[in-house]
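So this one's entry03.pdb, PDB, C-alpha atoms and all ligand atoms:
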```
MODEL        1
ATOM      1  CA  MET X  84    -121.819  68.702 130.035
ATOM      2  CA  SER X  85    -124.262  70.260 127.590
ATOM      3  CA  LEU X  86    -123.122  72.922 125.098
ATOM      4  CA  ASP X  87    -125.103  75.410 123.106
ATOM      5  CA  PRO X  88    -124.882  74.787 119.327
ATOM      6  CA  ALA X  89    -122.521  77.740 118.643
ATOM      7  CA  THR X  90    -120.045  76.628 121.318
ATOM      8  CA  ALA X  91    -120.242  73.015 120.163
ATOM      9  CA  GLU X  92    -119.575  74.081 116.547
ATOM     10  CA  SER X  93    -116.626  76.200 117.593
ATOM     11  CA  LEU X  94    -115.190  73.370 119.704
ATOM     12  CA  LEU X  95    -115.561  70.859 116.858
ATOM     13  CA  ALA X  96    -113.857  73.306 114.468
ATOM     14  CA  PHE X  97    -111.002  73.644 116.985
ATOM     15  CA  TRP X  98    -110.543  69.869 117.138
ATOM     16  CA  ALA X  99    -110.851  69.413 113.367
ATOM     17  CA  GLU X 100    -108.221  72.122 112.798
ATOM     18  CA  GLY X 101    -105.965  70.185 115.158
ATOM     19  CA  GLY X 102    -106.327  67.019 113.112
ATOM     20  CA  VAL X 103    -108.843  65.163 115.293
ATOM     21  CA  ASP X 104    -110.768  62.809 112.995
ATOM     22  CA  ALA X 105    -112.219  60.285 115.456
ATOM     23  CA  MET X 106    -113.883  60.416 118.860
ATOM     24  CA  LEU X 107    -113.046  57.759 121.462
ATOM     25  CA  LEU X 108    -114.518  57.146 124.901
ATOM     26  CA  ASP X 109    -112.311  56.490 127.912
ATOM     27  CA  ALA X 110    -113.522  52.877 128.111
ATOM     28  CA  PRO X 111    -114.368  50.607 125.155
ATOM     29  CA  VAL X 112    -118.068  49.856 124.516
ATOM     30  CA  ASP X 113    -119.016  46.425 123.159
ATOM     31  CA  ARG X 114    -121.768  47.506 120.762
ATOM     32  CA  ILE X 115    -122.134  43.992 119.363
ATOM     33  CA  ALA X 116    -122.974  42.646 122.829
ATOM     34  CA  ALA X 117    -125.338  45.573 123.329
ATOM     35  CA  GLY X 118    -127.099  44.497 120.099
ATOM     36  CA  LYS X 119    -126.532  47.893 118.415
ATOM     37  CA  ILE X 120    -124.612  46.542 115.403
ATOM     38  CA  ALA X 121    -124.379  43.190 113.633
ATOM     39  CA  PRO X 122    -121.260  41.089 114.266
ATOM     40  CA  PRO X 123    -118.664  41.374 111.519
ATOM     41  CA  ALA X 124    -119.106  38.954 108.616
ATOM     42  CA  PRO X 125    -116.517  36.146 108.514
ATOM     43  CA  PRO X 126    -113.536  37.068 106.351
ATOM     44  CA  ALA X 127    -114.230  36.381 102.693
ATOM     45  CA  ARG X 128    -112.008  33.957 100.828
ATOM     46  CA  LYS X 129    -109.149  35.562  98.929
ATOM     47  CA  ALA X 130    -110.642  34.980  95.477
ATOM     48  CA  ALA X 131    -113.833  36.749  96.537
ATOM     49  CA  VAL X 132    -112.033  39.972  97.507
ATOM     50  CA  ALA X 133    -110.480  40.747  94.168
ATOM     51  CA  ALA X 134    -110.047  44.489  93.660
ATOM     52  CA  PRO X 135    -113.428  46.251  93.596
ATOM     53  CA  PRO X 136    -114.308  48.209  90.475
ATOM     54  CA  PRO X 137    -113.277  51.855  90.792
ATOM     55  CA  SER X 138    -116.039  53.824  92.461
ATOM     56  CA  PRO X 139    -117.429  56.527  90.164
ATOM     57  CA  LEU X 140    -117.855  58.750  93.235
ATOM     58  CA  ARG X 141    -114.186  58.423  94.146
ATOM     59  CA  ALA X 142    -113.092  58.977  90.551
ATOM     60  CA  ALA X 143    -115.254  62.089  90.389
ATOM     61  CA  SER X 144    -113.850  63.451  93.645
ATOM     62  CA  GLN X 145    -110.250  63.017  92.508
ATOM     63  CA  PRO X 146    -110.127  64.370  88.970
ATOM     64  CA  ASP X 147    -106.976  63.946  86.951
ATOM     65  CA  VAL X 148    -105.444  67.407  86.947
ATOM     66  CA  SER X 149    -102.117  66.525  85.327
ATOM     67  CA  ALA X 150    -102.915  68.389  82.086
ATOM     68  CA  ALA X 151    -103.935  71.523  84.007
ATOM     69  CA  VAL X 152    -100.803  71.276  86.191
ATOM     70  CA  ALA X 153     -98.605  70.979  83.071
ATOM     71  CA  GLN X 154    -100.298  74.025  81.557
ATOM     72  CA  ALA X 155     -99.859  75.991  84.790
ATOM     73  CA  GLN X 156     -96.166  75.007  84.896
ATOM     74  CA  ALA X 157     -95.614  76.234  81.339
ATOM     75  CA  LEU X 158     -97.432  79.521  81.952
ATOM     76  CA  ALA X 159     -95.660  80.096  85.263
ATOM     77  CA  ALA X 160     -92.227  79.370  83.802
ATOM     78  CA  SER X 161     -92.716  81.952  81.067
ATOM     79  CA  ALA X 162     -93.637  84.752  83.506
ATOM     80  CA  ASP X 163     -90.547  86.825  84.304
ATOM     81  CA  SER X 164     -92.172  89.301  86.702
ATOM     82  CA  LEU X 165     -94.942  89.292  89.285
ATOM     83  CA  GLU X 166     -97.076  91.408  86.937
ATOM     84  CA  ALA X 167     -96.667  88.877  84.109
ATOM     85  CA  LEU X 168     -97.410  86.051  86.556
ATOM     86  CA  ALA X 169    -100.587  87.776  87.779
ATOM     87  CA  ALA X 170    -101.731  88.195  84.164
ATOM     88  CA  ALA X 171    -100.973  84.513  83.444
ATOM     89  CA  ILE X 172    -103.045  83.451  86.467
ATOM     90  CA  ALA X 173    -105.949  85.701  85.465
ATOM     91  CA  GLY X 174    -106.000  84.139  81.990
ATOM     92  CA  PHE X 175    -105.637  80.538  83.208
ATOM     93  CA  ASP X 176    -108.776  78.379  82.948
ATOM     94  CA  GLY X 177    -107.379  75.142  84.410
ATOM     95  CA  CYS X 178    -108.508  75.616  88.020
ATOM     96  CA  PRO X 179    -112.146  74.527  88.454
ATOM     97  CA  LEU X 180    -112.619  77.088  91.239
ATOM     98  CA  LYS X 181    -112.572  79.824  88.620
ATOM     99  CA  PHE X 182    -115.938  78.590  87.358
ATOM    100  CA  GLU X 183    -117.578  77.619  90.618
ATOM    101  CA  GLY X 184    -120.127  80.275  91.345
ATOM    102  CA  ALA X 185    -118.791  82.617  93.977
ATOM    103  CA  ALA X 186    -115.457  83.479  92.390
ATOM    104  CA  THR X 187    -115.582  86.676  90.357
ATOM    105  CA  GLN X 188    -111.896  87.329  89.860
ATOM    106  CA  ALA X 189    -108.439  85.937  90.516
ATOM    107  CA  VAL X 190    -107.021  87.027  93.875
ATOM    108  CA  VAL X 191    -103.234  86.862  93.684
ATOM    109  CA  TRP X 192    -101.134  88.709  96.252
ATOM    110  CA  ARG X 193    -100.587  91.980  98.056
ATOM    111  CA  GLY X 194     -97.548  93.500  99.701
ATOM    112  CA  GLU X 195     -93.888  94.011  98.920
ATOM    113  CA  PRO X 196     -92.621  92.416  95.693
ATOM    114  CA  THR X 197     -89.165  91.923  97.245
ATOM    115  CA  ALA X 198     -90.325  91.003 100.750
ATOM    116  CA  PRO X 199     -88.079  88.833 102.928
ATOM    117  CA  LEU X 200     -91.188  86.974 104.121
ATOM    118  CA  MET X 201     -94.005  85.393 102.139
ATOM    119  CA  VAL X 202     -97.223  84.607 103.985
ATOM    120  CA  ILE X 203     -99.255  81.850 102.351
ATOM    121  CA  GLY X 204    -102.872  81.329 103.385
ATOM    122  CA  GLU X 205    -105.485  78.870 102.284
ATOM    123  CA  GLY X 206    -107.645  80.613  99.701
ATOM    124  CA  PRO X 207    -109.672  83.781  99.175
ATOM    125  CA  GLY X 208    -112.982  84.281 100.994
ATOM    126  CA  ALA X 209    -115.978  86.431 100.066
ATOM    127  CA  ASP X 210    -114.322  89.775 100.925
ATOM    128  CA  GLU X 211    -111.161  88.861  99.011
ATOM    129  CA  ASP X 212    -113.251  87.730  96.025
ATOM    130  CA  ARG X 213    -115.068  91.080  95.990
ATOM    131  CA  GLN X 214    -111.976  93.247  96.475
ATOM    132  CA  GLY X 215    -109.471  91.188  94.467
ATOM    133  CA  GLN X 216    -106.870  91.131  97.264
ATOM    134  CA  PRO X 217    -105.925  88.381  99.719
ATOM    135  CA  PHE X 218    -106.633  88.631 103.435
ATOM    136  CA  VAL X 219    -108.751  91.789 103.455
ATOM    137  CA  GLY X 220    -111.710  90.468 105.492
ATOM    138  CA  ARG X 221    -111.891  90.038 109.281
ATOM    139  CA  ALA X 222    -109.241  87.335 109.324
ATOM    140  CA  GLY X 223    -106.985  89.496 107.161
ATOM    141  CA  GLN X 224    -107.397  92.467 109.472
ATOM    142  CA  LEU X 225    -106.329  90.312 112.401
ATOM    143  CA  LEU X 226    -103.395  88.994 110.369
ATOM    144  CA  ASP X 227    -102.311  92.566 109.582
ATOM    145  CA  LYS X 228    -102.509  93.503 113.283
ATOM    146  CA  MET X 229    -100.396  90.522 114.256
ATOM    147  CA  LEU X 230     -97.825  91.235 111.557
ATOM    148  CA  ALA X 231     -97.694  94.886 112.668
ATOM    149  CA  ALA X 232     -97.190  93.878 116.304
ATOM    150  CA  ALA X 233     -94.294  91.663 115.219
ATOM    151  CA  GLY X 234     -92.690  94.530 113.276
ATOM    152  CA  LEU X 235     -93.413  92.929 109.912
ATOM    153  CA  THR X 236     -95.533  95.616 108.242
ATOM    154  CA  GLY X 237     -94.079  96.396 104.820
ATOM    155  CA  ARG X 238     -91.868  93.299 104.933
ATOM    156  CA  VAL X 239     -94.320  90.704 103.610
ATOM    157  CA  LEU X 240     -95.966  89.536 100.435
ATOM    158  CA  ILE X 241     -99.261  87.801 101.199
ATOM    159  CA  THR X 242    -100.803  85.165  98.949
ATOM    160  CA  ASN X 243    -102.756  81.880  99.084
ATOM    161  CA  THR X 244    -102.513  78.270  97.905
ATOM    162  CA  VAL X 245    -105.382  78.909  95.438
ATOM    163  CA  PHE X 246    -106.335  82.092  93.595
ATOM    164  CA  TRP X 247    -110.109  81.767  93.376
ATOM    165  CA  ARG X 248    -112.622  81.588  96.205
ATOM    166  CA  PRO X 249    -113.774  78.042  96.979
ATOM    167  CA  PRO X 250    -117.602  78.003  97.055
ATOM    168  CA  GLY X 251    -119.009  78.489 100.544
ATOM    169  CA  ASN X 252    -115.468  79.071 101.816
ATOM    170  CA  ARG X 253    -114.802  75.348 101.900
ATOM    171  CA  THR X 254    -111.203  74.155 102.147
ATOM    172  CA  PRO X 255    -109.603  73.933  98.690
ATOM    173  CA  THR X 256    -109.075  70.359  97.532
ATOM    174  CA  PRO X 257    -105.535  68.972  97.067
ATOM    175  CA  GLN X 258    -106.265  68.905  93.310
ATOM    176  CA  GLU X 259    -107.193  72.605  93.239
ATOM    177  CA  GLN X 260    -104.065  73.370  95.243
ATOM    178  CA  ALA X 261    -101.938  71.220  92.907
ATOM    179  CA  VAL X 262    -103.179  73.126  89.861
ATOM    180  CA  CYS X 263    -102.299  76.481  91.457
ATOM    181  CA  ALA X 264     -98.987  75.302  92.959
ATOM    182  CA  PRO X 265     -96.792  76.097  89.915
ATOM    183  CA  PHE X 266     -97.932  79.731  90.153
ATOM    184  CA  VAL X 267     -97.272  79.854  93.901
ATOM    185  CA  GLU X 268     -93.799  78.395  93.330
ATOM    186  CA  ARG X 269     -93.070  80.866  90.554
ATOM    187  CA  ALA X 270     -94.140  83.738  92.822
ATOM    188  CA  ILE X 271     -91.707  82.458  95.462
ATOM    189  CA  ALA X 272     -88.937  82.220  92.854
ATOM    190  CA  LEU X 273     -89.576  85.799  91.690
ATOM    191  CA  VAL X 274     -89.884  87.346  95.171
ATOM    192  CA  GLN X 275     -86.973  85.354  96.617
ATOM    193  CA  PRO X 276     -88.062  85.630 100.252
ATOM    194  CA  LYS X 277     -85.854  84.340 103.047
ATOM    195  CA  MET X 278     -88.652  82.289 104.568
ATOM    196  CA  LEU X 279     -92.331  81.347 104.417
ATOM    197  CA  LEU X 280     -95.102  81.681 106.995
ATOM    198  CA  LEU X 281     -97.760  79.038 106.267
ATOM    199  CA  VAL X 282    -101.065  80.146 107.663
ATOM    200  CA  GLY X 283    -103.489  77.364 108.633
ATOM    201  CA  GLY X 284    -103.584  73.617 108.131
ATOM    202  CA  ALA X 285    -104.657  73.656 104.476
ATOM    203  CA  SER X 286    -101.677  75.814 103.558
ATOM    204  CA  ALA X 287     -99.143  73.920 105.673
ATOM    205  CA  LYS X 288    -100.267  70.503 104.418
ATOM    206  CA  ALA X 289    -100.200  71.526 100.754
ATOM    207  CA  MET X 290     -96.940  73.472 100.844
ATOM    208  CA  LEU X 291     -95.059  70.885 102.912
ATOM    209  CA  ARG X 292     -96.794  67.854 101.337
ATOM    210  CA  LYS X 293     -97.509  66.502 104.826
ATOM    211  CA  ASP X 294    -100.691  65.033 106.196
ATOM    212  CA  GLU X 295    -100.361  66.311 109.766
ATOM    213  CA  GLY X 296    -102.663  68.512 111.800
ATOM    214  CA  ILE X 297    -101.734  72.159 112.162
ATOM    215  CA  LEU X 298    -101.542  71.872 115.947
ATOM    216  CA  SER X 299     -98.664  69.439 115.653
ATOM    217  CA  MET X 300     -96.907  71.251 112.766
ATOM    218  CA  ARG X 301     -97.165  74.818 114.021
ATOM    219  CA  GLY X 302     -94.346  76.646 115.702
ATOM    220  CA  ARG X 303     -91.627  74.333 114.325
ATOM    221  CA  TRP X 304     -89.393  75.023 111.362
ATOM    222  CA  HIS X 305     -89.911  72.819 108.309
ATOM    223  CA  GLU X 306     -88.132  72.793 104.977
ATOM    224  CA  TRP X 307     -90.212  73.831 101.959
ATOM    225  CA  ARG X 308     -88.981  72.483  98.617
ATOM    226  CA  SER X 309     -90.213  73.359  95.140
ATOM    227  CA  ALA X 310     -91.611  70.431  93.123
ATOM    228  CA  ASP X 311     -88.469  70.304  90.958
ATOM    229  CA  GLY X 312     -86.211  70.504  94.028
ATOM    230  CA  THR X 313     -84.375  73.632  92.830
ATOM    231  CA  LEU X 314     -85.672  75.909  95.608
ATOM    232  CA  GLU X 315     -85.577  75.376  99.350
ATOM    233  CA  LEU X 316     -86.700  77.674 102.139
ATOM    234  CA  PRO X 317     -87.386  77.459 105.851
ATOM    235  CA  ALA X 318     -91.141  77.449 106.445
ATOM    236  CA  LEU X 319     -93.052  77.995 109.668
ATOM    237  CA  PRO X 320     -96.661  76.798 109.927
ATOM    238  CA  THR X 321     -98.929  78.777 112.241
ATOM    239  CA  LEU X 322    -102.606  79.001 113.176
ATOM    240  CA  HIS X 323    -105.023  80.637 110.760
ATOM    241  CA  PRO X 324    -106.390  84.032 111.902
ATOM    242  CA  ALA X 325    -109.954  82.831 111.135
ATOM    243  CA  PHE X 326    -109.330  80.105 113.715
ATOM    244  CA  LEU X 327    -107.993  82.701 116.162
ATOM    245  CA  LEU X 328    -111.192  84.712 115.732
ATOM    246  CA  ARG X 329    -113.143  81.640 116.843
ATOM    247  CA  GLN X 330    -110.647  80.600 119.518
ATOM    248  CA  PRO X 331    -109.075  83.799 120.927
ATOM    249  CA  ALA X 332    -107.313  81.755 123.618
ATOM    250  CA  ALA X 333    -105.116  80.283 120.867
ATOM    251  CA  LYS X 334    -103.698  83.736 120.017
ATOM    252  CA  LYS X 335    -100.840  83.275 122.432
ATOM    253  CA  ARG X 336     -99.631  80.265 120.427
ATOM    254  CA  ALA X 337     -99.796  82.249 117.175
ATOM    255  CA  TRP X 338     -97.880  85.055 118.848
ATOM    256  CA  ALA X 339     -95.211  82.605 120.018
ATOM    257  CA  ASP X 340     -94.943  81.421 116.388
ATOM    258  CA  LEU X 341     -94.432  84.992 115.158
ATOM    259  CA  LEU X 342     -91.671  85.494 117.716
ATOM    260  CA  THR X 343     -90.000  82.292 116.502
ATOM    261  CA  LEU X 344     -90.261  83.679 112.979
ATOM    262  CA  THR X 345     -88.913  87.170 113.650
ATOM    263  CA  GLU X 346     -86.061  85.790 115.713
ATOM    264  CA  ARG X 347     -84.827  83.956 112.609
ATOM    265  CA  LEU X 348     -85.767  86.671 110.114
ATOM    266  CA  ASP X 349     -83.940  89.370 112.041
ATOM    267  CA  ARG X 350     -80.967  87.242 113.008
ATOM    268  CA  PRO X 351     -77.842  88.918 111.598
ATOM    269  CA  GLU X 352     -76.500  86.998 108.589
ATOM    270  CA  ARG X 353     -73.272  85.211 109.409
ATOM    271  CA  THR X 354     -70.504  86.609 107.261
ATOM    272  CA  SER X 355     -67.651  84.303 106.361
ATOM    273  CA  ALA X 356     -64.343  85.081 108.034
ATOM    274  CA  PRO X 357     -62.008  87.279 105.945
TER     275      PRO X 357
HETATM  276  N1  LIG L   1    -108.332  83.185 104.443
HETATM  277  C1  LIG L   1    -107.272  82.809 103.691
HETATM  278  O1  LIG L   1    -106.693  81.746 103.901
HETATM  279  N2  LIG L   1    -106.883  83.634 102.738
HETATM  280  C2  LIG L   1    -107.472  84.787 102.473
HETATM  281  O2  LIG L   1    -107.037  85.478 101.568
HETATM  282  C3  LIG L   1    -108.562  85.167 103.278
HETATM  283  C4  LIG L   1    -108.982  84.354 104.258
ENDMDL
END
```
What does this structure look like when you write it as structure tokens?
Amino acid sequence: MSLDPATAESLLAFWAEGGVDAMLLDAPVDRIAAGKIAPPAPPARKAAVAAPPPSPLRAASQPDVSAAVAQAQALAASADSLEALAAAIAGFDGCPLKFEGAATQAVVWRGEPTAPLMVIGEGPGADEDRQGQPFVGRAGQLLDKMLAAAGLTGRVLITNTVFWRPPGNRTPTPQEQAVCAPFVERAIALVQPKMLLLVGGASAKAMLRKDEGILSMRGRWHEWRSADGTLELPALPTLHPAFLLRQPAAKKRAWADLLTLTERLDRPERTSAP
């Protein structure tokens, strides 16, 4: 089967979103026998495999963000309203994304400050960066349509795991998400929603601290816990609308997820017997 480049790219994005990180053939191929690669070197003796020196590349790709996280925690804790929290985020310099080219302003949230549902996406894109509001581009318009169809208009507060646009719309790193997490948690504490809708793999992995693909996490209830363990909420991962724009056939799964969500959100609260 030969694919045109656009279809191939879309298919690879679909697999990557689902957590596929290796390609296997149906039958094994002995590439050593075929002379394509050298046979593996005999195992080195124990003394020769003492821990390698830390790679500068690895160290650079995993910066120590503990000081920035501590600063974010302190700022977040002192904000007693969403307005104060938004101002604290705008004045915070600890997230490297703030200084990486494309980002012009902090993009915090939009919607109802006392919403029963918080929608948490990955991070702002170019449209969000320009307009200063989350999910206002094509993906956001699709998200709004889906929320409207599920009867959720006016019942959500929409935000992201990071508040500045990652350059080139790349996925935010776990470190960037960790630095912003205290603000996300404080927003949840202030809004006091009943549940969370985690939109896309990058959001679900960061919020649930799980390294699973979105296709296996989506549509099932998980328990979100704040870092200090004082807050717990049911959280439902679902597919990202940007993914649905590329793979319209997946919309039916996202719709099933929204029905799962509204069934629980609209379930009458059980009152204790008199
Ligand atoms: N994608 C996201 O995850 N968030 C936005 O705000 C926009 C696009």
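Near Pro217 (chain X), within a cut-off of 10 Å and counting all atoms listed in the file, sit the residues Ala189, Val190, Val191, Trp192, Arg193, Gly194, Ile203, Gly204, Glu205, Gly206, Pro207, Gly208, Asp210, Glu211, Asp212, Gln214, Gly215, Val219, Gly220, Gly223, Ile241, Thr242, Asn243 and Phe246 of chain X, with same-chain residues fewer than 2 positions away left out.
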With a distance cut-off of 6 Å and only C-alpha atoms, select the neighbouring residues of Ala159 (chain X), excluding the residue or stretch itself and same-chain residues fewer than 3 positions from it, and output the selection as a JSON list (two decimals) with C-alpha atoms, in the coordinates of the input.
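Final output, saved to around_26.json:
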```json
[["chain", "number", "residue", "atom", "x", "y", "z"],
["X", 155, "ALA", "CA", -99.86, 75.99, 84.79],
["X", 156, "GLN", "CA", -96.17, 75.01, 84.90],
["X", 162, "ALA", "CA", -93.64, 84.75, 83.51],
["X", 266, "PHE", "CA", -97.93, 79.73, 90.15],
["X", 269, "ARG", "CA", -93.07, 80.87, 90.55]]
```
Who sits within 7 Å of Leu316 (chain X), all atoms listed in the file, same chain under 4 positions skipped, as a count of residues only: 5
Expected selection from the PyMOL selection byres (((chain X and resi 339) around 12) and not hetatm), given as an mmCIF file with C-alpha atoms, keeping the file's coordinate frame:
```
data_model
loop_
_atom_site.group_PDB
_atom_site.id
_atom_site.type_symbol
_atom_site.label_atom_id
_atom_site.label_comp_id
_atom_site.auth_asym_id
_atom_site.auth_seq_id
_atom_site.Cartn_x
_atom_site.Cartn_y
_atom_site.Cartn_z
ATOM 1 C CA MET X 229 -100.396 90.522 114.256
ATOM 2 C CA ALA X 233 -94.294 91.663 115.219
ATOM 3 C CA ARG X 301 -97.165 74.818 114.021
ATOM 4 C CA GLY X 302 -94.346 76.646 115.702
ATOM 5 C CA ARG X 303 -91.627 74.333 114.325
ATOM 6 C CA LEU X 319 -93.052 77.995 109.668
ATOM 7 C CA PRO X 320 -96.661 76.798 109.927
ATOM 8 C CA THR X 321 -98.929 78.777 112.241
ATOM 9 C CA LEU X 322 -102.606 79.001 113.176
ATOM 10 C CA ALA X 333 -105.116 80.283 120.867
ATOM 11 C CA LYS X 334 -103.698 83.736 120.017
ATOM 12 C CA LYS X 335 -100.840 83.275 122.432
ATOM 13 C CA ARG X 336 -99.631 80.265 120.427
ATOM 14 C CA ALA X 337 -99.796 82.249 117.175
ATOM 15 C CA TRP X 338 -97.880 85.055 118.848
ATOM 16 C CA ASP X 340 -94.943 81.421 116.388
ATOM 17 C CA LEU X 341 -94.432 84.992 115.158
ATOM 18 C CA LEU X 342 -91.671 85.494 117.716
ATOM 19 C CA THR X 343 -90.000 82.292 116.502
ATOM 20 C CA LEU X 344 -90.261 83.679 112.979
ATOM 21 C CA THR X 345 -88.913 87.170 113.650
ATOM 22 C CA GLU X 346 -86.061 85.790 115.713
#
```
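The gap separating CA of Ala160 (chain X) from CA of Lys293 (chain X) is 25.2 Å, in Å to one decimal.
Residue nearest Phe326 (chain X) within the list X:Gly284, X:Gly251, X:Gly234, X:Gly312: X:Gly284 [criterion: smallest interatomic distance, all atoms listed in the file].
When atom O2 of ligand LIG 1 (chain L) is paired with CA of Pro199 (chain X), their separation reads 19.3 Å.
If you look at CA of Val202 (chain X) and CA of Leu281 (chain X), they are 6.0 Å away from each other.
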Point (-107.6, 75.3, 80.1) neighbourhood (10 Å, only C-alpha atoms) written as a count of residues only: 11
For ligand LIG 1 (chain L), I'd like the enclosing box, axis-aligned and padded by 6 Å on every side, reported as JSON with centre and edge lengths in Å to one decimal.
```
{"center_x": -107.8, "center_y": 83.6, "center_z": 103.0, "size_x": 14.3, "size_y": 15.7, "size_z": 14.9}
```
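Comparing the minimum interatomic distances between ligand LIG 1 (chain L) and each of X:Ser299, X:Ser149, X:Gln258, X:Asn252, counting all atoms listed in the file, we find that X:Asn252 sits nearest.
Considering the residues X:Gly283, X:Ala232, X:Leu165, X:Pro276 and counting all atoms listed in the file, ligand LIG 1 (chain L) has its shortest atom-to-atom contact with X:Gly283.
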Non-local contacts of Leu328 (chain X) (10 Å; only C-alpha atoms; under 6 positions in same chain excluded) as an MDAnalysis selection string: chainID X and resid 221:222 225 334
With C-alpha atoms retained, export the selected residues as a PDB file, keeping the file's coordinate frame.
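Now in part02.pdb:
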```
ATOM      1  CA  ARG X 221    -111.891  90.038 109.281  1.00  0.00           C
ATOM      2  CA  ALA X 222    -109.241  87.335 109.324  1.00  0.00           C
ATOM      3  CA  LEU X 225    -106.329  90.312 112.401  1.00  0.00           C
ATOM      4  CA  LYS X 334    -103.698  83.736 120.017  1.00  0.00           C
TER       5      LYS X 334
END
```
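Nearest to ligand LIG 1 (chain L) of all the residues X:Arg329, X:Arg248, X:Arg347, X:Arg292 is X:Arg248, based on all atoms listed in the file.
With only C-alpha atoms and all ligand atoms as the basis for measurement, X:Arg213 is the residue among X:Lys228, X:His305, X:Arg213, X:Arg238 that approaches ligand LIG 1 (chain L) most closely.
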